[in-house]
$ cat input.txt   # compact mmCIF, C-alpha atoms
# COMPACT_ATOMS: atom_id res chain seq x y z
CA MET A 637 107.87 62.04 134.24
CA PHE A 638 106.22 64.73 136.33
CA ASP A 639 107.46 62.98 139.47
CA ILE A 640 110.46 65.27 139.58
CA LEU A 641 108.16 68.26 139.98
CA TYR A 642 106.49 66.74 143.04
CA GLN A 643 109.53 65.25 144.71
CA PRO A 644 111.96 67.20 146.89
CA TRP A 645 115.21 68.11 145.14
CA PRO A 646 118.56 67.11 146.63
CA TRP A 647 121.01 69.79 147.78
CA TYR A 648 123.39 69.21 144.88
CA VAL A 649 120.63 70.10 142.42
CA ALA A 650 119.08 73.02 144.31
CA GLY A 651 122.34 74.66 145.42
CA PRO A 652 123.75 75.32 141.92
CA ILE A 653 120.37 76.58 140.63
CA ILE A 654 120.12 79.07 143.50
CA GLY A 655 123.74 80.09 142.85
CA LEU A 656 122.97 80.71 139.17
CA THR A 657 120.50 83.43 140.22
CA VAL A 658 123.52 85.67 140.90
CA PRO A 659 125.09 85.67 137.39
CA LEU A 660 121.67 85.56 135.74
CA LEU A 661 120.57 88.82 137.39
CA LEU A 662 123.98 90.42 136.78
CA LEU A 663 124.04 89.47 133.10
CA LEU A 664 120.43 90.30 132.37
CA GLY A 665 120.33 93.67 134.04
CA GLY A 666 123.43 94.32 136.14
CA LYS A 667 121.34 93.61 139.23
CA MET A 668 122.61 92.34 142.53
CA PHE A 669 120.52 89.51 143.99
CA GLY A 670 119.00 90.40 147.39
CA VAL A 671 115.44 89.81 148.56
CA SER A 672 115.21 91.93 151.72
CA ALA A 673 115.77 95.20 149.81
CA ASN A 674 112.13 94.78 148.81
CA LEU A 675 111.04 95.34 152.40
CA ARG A 676 112.82 98.70 152.25
CA HIS A 677 111.20 99.49 148.90
CA ALA A 678 107.79 98.76 150.42
CA CYS A 679 108.55 101.15 153.31
CA ALA A 680 109.76 103.74 150.80
CA ALA A 681 106.51 103.39 148.86
CA CYS A 682 104.53 104.31 151.99
CA ASN A 683 107.07 106.27 154.04
CA PHE A 684 104.79 107.49 156.80
CA GLY A 685 106.50 110.28 158.68
CA ASN A 686 108.96 111.02 155.89
CA VAL A 687 111.85 108.94 157.30
CA GLU A 688 115.09 109.86 155.55
CA PHE A 689 116.19 106.24 155.05
CA PHE A 690 113.11 105.69 152.89
CA ASN A 691 113.41 108.87 150.84
CA TYR A 692 114.55 107.60 147.47
CA ASP A 693 113.05 106.70 144.14
CA TRP A 694 111.94 103.18 145.03
CA LYS A 695 110.30 102.65 141.66
CA THR A 696 113.51 103.13 139.71
CA ALA A 697 115.59 101.26 142.28
CA GLY A 698 113.20 98.47 143.08
CA ARG A 699 110.82 97.71 140.23
CA TRP A 700 112.91 94.82 138.97
CA ASN A 701 113.30 93.34 142.45
CA ILE A 702 109.62 93.65 143.37
CA THR A 703 108.84 91.86 140.12
CA PHE A 704 111.37 89.18 141.07
CA LEU A 705 109.65 88.86 144.47
CA ALA A 706 106.23 88.53 142.83
CA GLY A 707 107.80 85.70 140.83
CA SER A 708 108.98 84.07 144.06
CA VAL A 709 105.41 84.08 145.36
CA LEU A 710 104.30 82.48 142.09
CA GLY A 711 107.15 79.96 142.33
CA GLY A 712 106.03 79.18 145.87
CA PHE A 713 102.52 78.58 144.58
CA LEU A 714 103.77 76.23 141.87
CA GLY A 715 106.34 74.42 144.00
CA GLY A 716 104.41 74.34 147.26
CA TYR A 717 100.80 74.11 146.14
CA VAL A 718 100.38 72.89 142.55
CA PHE A 719 103.33 70.48 142.75
CA ALA A 720 103.39 70.12 146.52
CA ASN A 721 105.28 67.15 147.90
CA PRO A 722 102.67 64.95 149.63
CA GLU A 723 105.28 63.29 151.86
CA PRO A 724 106.61 64.70 155.13
CA ILE A 725 110.16 66.08 155.01
CA ALA A 726 112.88 63.46 155.47
CA LEU A 727 114.33 65.12 158.54
CA ALA A 728 117.20 63.80 160.64
CA GLN A 729 115.83 61.53 163.39
CA SER A 730 117.72 63.50 166.03
CA THR A 731 115.99 66.74 164.93
CA ILE A 732 112.57 65.07 165.07
CA ALA A 733 113.29 63.74 168.56
CA ASP A 734 114.49 67.15 169.78
CA LEU A 735 111.47 68.94 168.34
CA GLN A 736 109.08 66.38 169.80
CA ALA A 737 110.67 67.05 173.17
CA TRP A 738 109.81 70.72 172.57
CA GLY A 739 106.18 69.69 172.10
CA ILE A 740 106.02 69.94 168.30
CA GLN A 741 103.45 67.42 167.08
CA ASP A 742 102.83 68.18 163.41
CA PHE A 743 105.60 66.99 161.08
CA ASN A 744 103.49 66.68 157.92
CA GLY A 745 104.14 69.88 156.02
CA LEU A 746 106.99 72.35 155.48
CA VAL A 747 106.22 74.09 158.78
CA PRO A 748 104.60 72.77 161.97
CA ASP A 749 100.94 73.59 162.37
CA ASP A 750 101.65 73.97 166.09
CA LEU A 751 103.28 77.36 165.40
CA PHE A 752 102.18 78.36 161.88
CA SER A 753 98.43 78.58 161.86
CA TRP A 754 95.92 81.34 162.52
CA SER A 755 94.91 79.63 165.76
CA SER A 756 98.54 79.56 166.95
CA LEU A 757 98.54 83.34 166.68
CA GLY A 758 96.41 83.26 169.83
CA THR A 759 99.12 81.43 171.78
CA LEU A 760 102.18 83.09 173.30
CA PRO A 761 104.75 80.90 171.48
CA GLY A 762 102.94 81.41 168.16
CA LEU A 763 102.79 85.13 168.71
CA ILE A 764 106.51 85.32 169.52
CA VAL A 765 107.55 83.14 166.56
CA LEU A 766 105.41 84.96 163.98
CA ILE A 767 105.68 88.55 165.16
CA VAL A 768 109.00 88.82 167.01
CA GLY A 769 110.59 86.46 164.45
CA GLY A 770 109.34 88.50 161.52
CA PHE A 771 110.31 91.79 163.16
CA LEU A 772 113.88 90.61 163.85
CA VAL A 773 114.24 89.35 160.28
CA GLY A 774 113.18 92.74 158.90
CA PHE A 775 115.14 94.85 161.39
CA GLY A 776 118.26 92.67 161.31
CA ALA A 777 118.34 92.38 157.52
CA ARG A 778 118.33 96.15 157.07
CA TYR A 779 120.75 96.75 159.95
CA ALA A 780 123.15 94.21 158.43
CA GLY A 781 122.49 95.57 154.94
CA GLY A 782 121.21 92.28 153.57
CA CYS A 783 119.70 88.88 154.31
CA THR A 784 120.56 85.33 153.34
CA SER A 785 120.38 86.10 149.63
CA GLY A 786 122.17 89.47 149.77
CA HIS A 787 124.99 88.41 152.07
CA ALA A 788 125.24 84.60 152.23
CA ILE A 789 124.71 84.13 148.48
CA SER A 790 125.47 87.40 146.62
CA GLY A 791 128.02 88.90 149.00
CA LEU A 792 129.99 85.71 149.52
CA SER A 793 129.89 85.08 145.76
CA ASP A 794 131.69 88.41 145.37
CA LEU A 795 134.11 87.46 148.18
CA GLN A 796 133.02 90.42 150.31
CA LEU A 797 134.48 90.36 153.81
CA ALA A 798 131.51 92.37 155.09
CA SER A 799 129.17 89.58 154.01
CA LEU A 800 131.29 86.95 155.73
CA ILE A 801 131.03 88.96 158.98
CA ALA A 802 127.27 89.24 158.48
CA VAL A 803 126.94 85.48 157.87
CA ILE A 804 128.94 84.80 161.04
CA GLY A 805 126.42 87.07 162.77
CA PHE A 806 123.53 85.08 161.22
CA PHE A 807 124.95 81.95 162.83
CA ILE A 808 125.68 83.57 166.20
CA GLY A 809 122.04 84.67 166.38
CA GLY A 810 120.67 81.43 164.95
CA LEU A 811 122.61 79.20 167.33
CA LEU A 812 121.69 81.36 170.35
CA MET A 813 118.03 81.17 169.40
CA THR A 814 117.97 77.43 168.66
CA TRP A 815 119.98 76.25 171.64
CA PHE A 816 119.18 78.75 174.39
CA ILE A 817 116.18 80.98 173.69
CA TYR A 818 113.77 78.68 171.81
CA PRO A 819 113.59 76.14 174.67
CA ILE A 820 112.45 78.95 176.97
CA ILE A 821 109.83 80.22 174.48
CA LEU A 822 108.32 76.75 174.02
CA SER A 823 108.45 75.69 177.67
CA MET B 1331 111.12 99.18 132.19
CA LYS B 1332 109.63 97.37 129.24
CA PHE B 1333 107.16 94.53 129.53
CA SER B 1334 109.80 92.02 128.45
CA GLU B 1335 112.01 93.24 131.31
CA TYR B 1336 109.27 92.62 133.85
CA LEU B 1337 108.68 89.18 132.37
CA LYS B 1338 112.37 88.38 132.65
CA TYR B 1339 112.56 89.18 136.36
CA LEU B 1340 109.23 87.51 137.01
CA LEU B 1341 110.51 84.29 135.44
CA ILE B 1342 113.79 84.28 137.37
CA GLY B 1343 111.85 84.96 140.57
CA THR B 1344 109.45 82.13 139.78
CA ALA B 1345 112.32 79.71 139.26
CA PHE B 1346 113.86 80.92 142.52
CA GLY B 1347 110.63 80.46 144.49
CA PHE B 1348 110.13 77.03 142.94
CA VAL B 1349 113.62 75.85 143.92
CA LEU B 1350 113.18 77.26 147.44
CA MET B 1351 110.12 75.02 147.75
CA LYS B 1352 111.56 71.90 146.15
CA SER B 1353 114.76 72.10 148.19
CA GLU B 1354 112.73 72.64 151.38
CA VAL B 1355 114.92 75.57 152.47
CA VAL B 1356 111.62 77.35 153.19
CA SER B 1357 110.98 74.81 155.92
CA TRP B 1358 111.14 75.75 159.60
CA PHE B 1359 112.15 72.11 160.17
CA ARG B 1360 115.14 72.37 157.82
CA ILE B 1361 116.34 75.54 159.55
CA GLN B 1362 116.09 73.80 162.92
CA GLU B 1363 118.01 70.85 161.51
CA MET B 1364 120.68 73.21 160.20
CA PHE B 1365 121.23 75.08 163.46
CA ARG B 1366 121.41 71.72 165.26
CA PHE B 1367 124.06 70.46 162.79
CA ASP B 1368 121.92 67.35 162.30
CA ALA B 1369 122.08 67.25 158.50
CA PHE B 1370 124.26 68.45 155.64
CA HIS B 1371 121.28 69.47 153.48
CA MET B 1372 121.22 73.27 154.10
CA TYR B 1373 125.00 73.54 154.19
CA GLY B 1374 125.21 71.68 150.89
CA ILE B 1375 122.72 74.05 149.28
CA ILE B 1376 124.24 77.29 150.55
CA GLY B 1377 127.78 75.99 149.98
CA LEU B 1378 127.19 74.93 146.38
CA ALA B 1379 125.22 78.11 145.64
CA VAL B 1380 128.20 80.15 146.83
CA VAL B 1381 130.69 78.05 144.83
CA VAL B 1382 128.63 78.53 141.66
CA GLY B 1383 128.24 82.23 142.54
CA ILE B 1384 131.97 82.77 143.11
CA ILE B 1385 132.95 81.06 139.85
CA SER B 1386 130.40 82.99 137.79
CA VAL B 1387 131.20 86.36 139.36
CA GLN B 1388 134.90 85.75 138.70
CA ILE B 1389 134.16 84.90 135.07
CA ILE B 1390 132.03 88.05 134.71
CA LYS B 1391 134.68 90.28 136.31
CA ARG B 1392 137.75 88.87 134.60
CA ASN B 1393 136.16 89.15 131.19
CA ASN B 1394 134.71 92.61 131.89
CA MET B 1395 131.39 91.27 130.71
CA LYS B 1396 128.49 93.61 129.99
CA ASP B 1397 124.84 93.12 130.83
CA ALA B 1398 122.04 92.61 128.30
CA GLN B 1399 121.68 96.40 127.86
CA GLY B 1400 125.38 96.73 127.06
CA ASN B 1401 126.28 98.39 130.37
CA PRO B 1402 129.43 97.32 132.18
CA ILE B 1403 128.65 95.12 135.19
CA SER B 1404 129.88 96.67 138.42
CA ILE B 1405 129.33 95.25 141.87
CA PRO B 1406 129.55 97.91 144.58
CA PRO B 1407 131.87 96.75 147.39
CA LYS B 1408 130.50 96.66 150.95
CA ASP B 1409 132.37 98.55 153.65
CA ALA B 1410 133.80 95.78 155.84
CA SER B 1411 135.09 98.33 158.36
CA GLN B 1412 131.51 98.64 159.68
CA VAL B 1413 132.04 95.50 161.72
CA LYS B 1414 129.43 96.40 164.36
CA ARG B 1415 126.73 96.80 161.79
CA TYR B 1416 127.34 93.42 160.19
CA LEU B 1417 127.89 91.56 163.44
CA ILE B 1418 125.04 93.05 165.51
CA GLY B 1419 122.62 93.39 162.60
CA GLY B 1420 123.59 89.93 161.38
CA SER B 1421 123.05 88.41 164.83
CA MET B 1422 119.64 90.03 165.11
CA PHE B 1423 118.76 88.67 161.70
CA GLY B 1424 120.02 85.24 162.78
CA LEU B 1425 117.83 85.32 165.90
CA GLY B 1426 114.83 86.03 163.69
CA TRP B 1427 115.82 83.50 161.03
CA ALA B 1428 116.00 80.68 163.59
CA LEU B 1429 112.86 81.83 165.42
CA LEU B 1430 110.68 82.17 162.35
CA GLY B 1431 112.50 79.47 160.39
CA ALA B 1432 112.29 81.63 157.28
CA CYS B 1433 114.29 84.47 155.80
CA PRO B 1434 112.71 87.04 153.44
CA GLY B 1435 112.63 84.94 150.23
CA PRO B 1436 111.03 81.91 151.91
CA MET B 1437 108.51 84.11 153.76
CA PHE B 1438 107.06 85.17 150.42
CA ALA B 1439 107.41 81.76 148.75
CA LEU B 1440 105.53 80.18 151.69
CA LEU B 1441 102.80 82.77 151.34
CA GLY B 1442 102.51 81.76 147.67
CA SER B 1443 102.20 78.10 148.66
CA GLY B 1444 98.98 78.98 150.43
CA LEU B 1445 100.29 79.46 153.97
CA THR B 1446 98.26 82.62 154.59
CA ILE B 1447 99.54 83.06 158.16
CA MET B 1448 102.85 84.25 156.62
CA ILE B 1449 101.15 87.61 156.11
CA ILE B 1450 101.77 88.21 159.82
CA PRO B 1451 105.57 87.76 159.81
CA ILE B 1452 105.77 89.70 156.52
CA LEU B 1453 103.96 92.64 158.13
CA ALA B 1454 106.19 92.26 161.21
CA ALA B 1455 109.28 92.28 158.96
CA LEU B 1456 108.03 95.49 157.32
CA ALA B 1457 107.58 96.98 160.79
CA GLY B 1458 111.12 95.87 161.65
CA THR B 1459 112.51 97.43 158.48
CA TYR B 1460 110.63 100.65 159.19
CA THR B 1461 111.85 100.72 162.80
CA TYR B 1462 115.43 100.33 161.59
CA GLY B 1463 114.90 103.32 159.29
CA LEU B 1464 113.65 105.35 162.24
CA LEU B 1465 116.49 104.39 164.60
CA ARG B 1466 119.29 104.24 162.05
CA ASP B 1467 121.15 107.35 163.24
CA LYS B 1468 121.13 106.15 166.83
CA LEU B 1469 122.50 102.66 166.13
CA PRO B 1470 126.21 101.77 166.04
CA HIS B 1471 127.37 100.96 162.50
$ encode --input "input.txt" --output "structure tokens"
Amino acid sequence: MFDILYQPWPWYVAGPIIGLTVPLLLLLGGKMFGVSANLRHACAACNFGNVEFFNYDWKTAGRWNITFLAGSVLGGFLGGYVFANPEPIALAQSTIADLQAWGIQDFNGLVPDDLFSWSSLGTLPGLIVLIVGGFLVGFGARYAGGCTSGHAISGLSDLQLASLIAVIGFFIGGLLMTWFIYPIILS
Amino acid sequence: MKFSEYLKYLLIGTAFGFVLMKSEVVSWFRIQEMFRFDAFHMYGIIGLAVVVGIISVQIIKRNNMKDAQGNPISIPPKDASQVKRYLIGGSMFGLGWALLGACPGPMFALLGSGLTIMIIPILAALAGTYTYGLLRDKLPH
């Protein structure tokens, strides 16, 4: 009976549940779902150098969202540690072949050990993936005014043209990275 | 905010983090698979999430529904005339999303799953956010 907690969930189960986050947050507190705003709240909480963009009452604006984020960490612990799926991800064979050609060797977990480990931080590819990748996610999300949750889920749910443009941008950047830049980083 | 409010958001966040894990959207592999168009998985998840989102937002709007505190629900529109901002900022985000294989939600969910190295990209993302705040006036929007 607990099998369902350990097994991966198909897209047609996970998609609607993620989508329901939008009305749930709206109905419970009139809140708009968006994770990356929390990065701004964290900057506002510190705000070294008194940057104007971070001068606002982050507690009033962000308490609910930071709590939501703490929940996501807890959910990650439950879903990825307590009820972790022991099997490797059922990836498309073509993806596995392509990634092996890139030199990726570990296909056991959710992320390859080759890039996501403390020892990989000492390698140039690991350093680029973890630090440049993280930096671009943070910078780009704020520049675009939202991330996958804020634009691709919330914004599109509200039929916002701005979010559609942002999602097109997400794919322009993602395709460029996957097809043209990543091969250089890993070579 | 009352304790029950915190609990409410904590629970929704927990469910969200749990689904991110179970659906494997937190996986660098799944993001690679998506940008290679090798599987329908990610498209199915995002697509269905948006369909459910659109239907529920329409229901909320058309019925002028109120939130649990009795306040009218209003969703602030985004200014689509700032095309540069969404296209350039979005592309930069996309570069990072594909490189790291994780967007902000998954970064934190992965950290919760015990992948301690995610602290590094989270700190880098904070640095990125802070840098945007510093350069904001100089960037095209």
$ closest_residue --input "input.txt" --among "B:Ala1432, B:Tyr1373, B:Pro1451, B:Lys1391" --to "chain A" --atoms "all atoms listed in the file"
B:Pro1451
$ closest_residue --input "input.txt" --among "A:Phe752, A:Phe743, A:Trp815, A:Phe713" --to "Thr1344 (chain B)" --atoms "all atoms listed in the file"
A:Phe713
$ atom_distance --input "input.txt" --atom1 "CA of Gln1399 (chain B)" --atom2 "CA of Ser672 (chain A)"
25.1 Å
$ closest_residue --input "input.txt" --among "A:Ser799, A:Asn744, A:Thr814, A:Asn691" --to "Gln1412 (chain B)" --atoms "all atoms listed in the file"
A:Ser799
$ residues_around --input "input.txt" --residues "Ile1361 (chain B)" --least-positions-apart "5" --cutoff "12 Å" --atoms "only C-alpha atoms" --output "MDAnalysis selection string"
(chainID A and resid 727:728 731 746:747 807 810:811 813:814) or (chainID B and resid 1353:1356 1366:1373 1424:1433 1436)
$ closest_residue --input "input.txt" --among "A:Gly716, A:Arg778, A:Cys682, A:Ile640" --to "Trp694 (chain A)" --atoms "only C-alpha atoms"
A:Cys682
$ atom_distance --input "input.txt" --atom1 "CA of Phe719 (chain A)" --atom2 "CA of Gln643 (chain A)"
8.3 Å
$ residues_around --input "input.txt" --residues "Leu792 (chain A)" --least-positions-apart "4" --cutoff "12 Å" --atoms "only C-alpha atoms" --output "number ranges by chain"
A: 655, 658, 669, 782-788, 796-804; B: 1376-1385, 1387-1388, 1407-1408
$ atom_distance --input "input.txt" --atom1 "CA of Tyr1460 (chain B)" --atom2 "CA of Ile767 (chain A)"
14.4 Å
$ closest_residue --input "input.txt" --among "A:Gly715, A:Gly809, A:Gly758, A:Pro748" --to "Leu772 (chain A)" --atoms "all atoms listed in the file"
A:Gly809
$ closest_residue --input "input.txt" --among "B:Met1351, B:Met1364, B:Ala1398, B:Val1413" --to "Leu1440 (chain B)" --atoms "only C-alpha atoms"
B:Met1351
$ residues_around --input "input.txt" --residues "Ala706 (chain A)" --least-positions-apart "2" --cutoff "10 Å" --atoms "all atoms listed in the file" --output "PyMOL selection string"
(chain A and resi 700-704+708-712) or (chain B and resi 1339-1341+1343-1344+1347+1438-1439+1442)
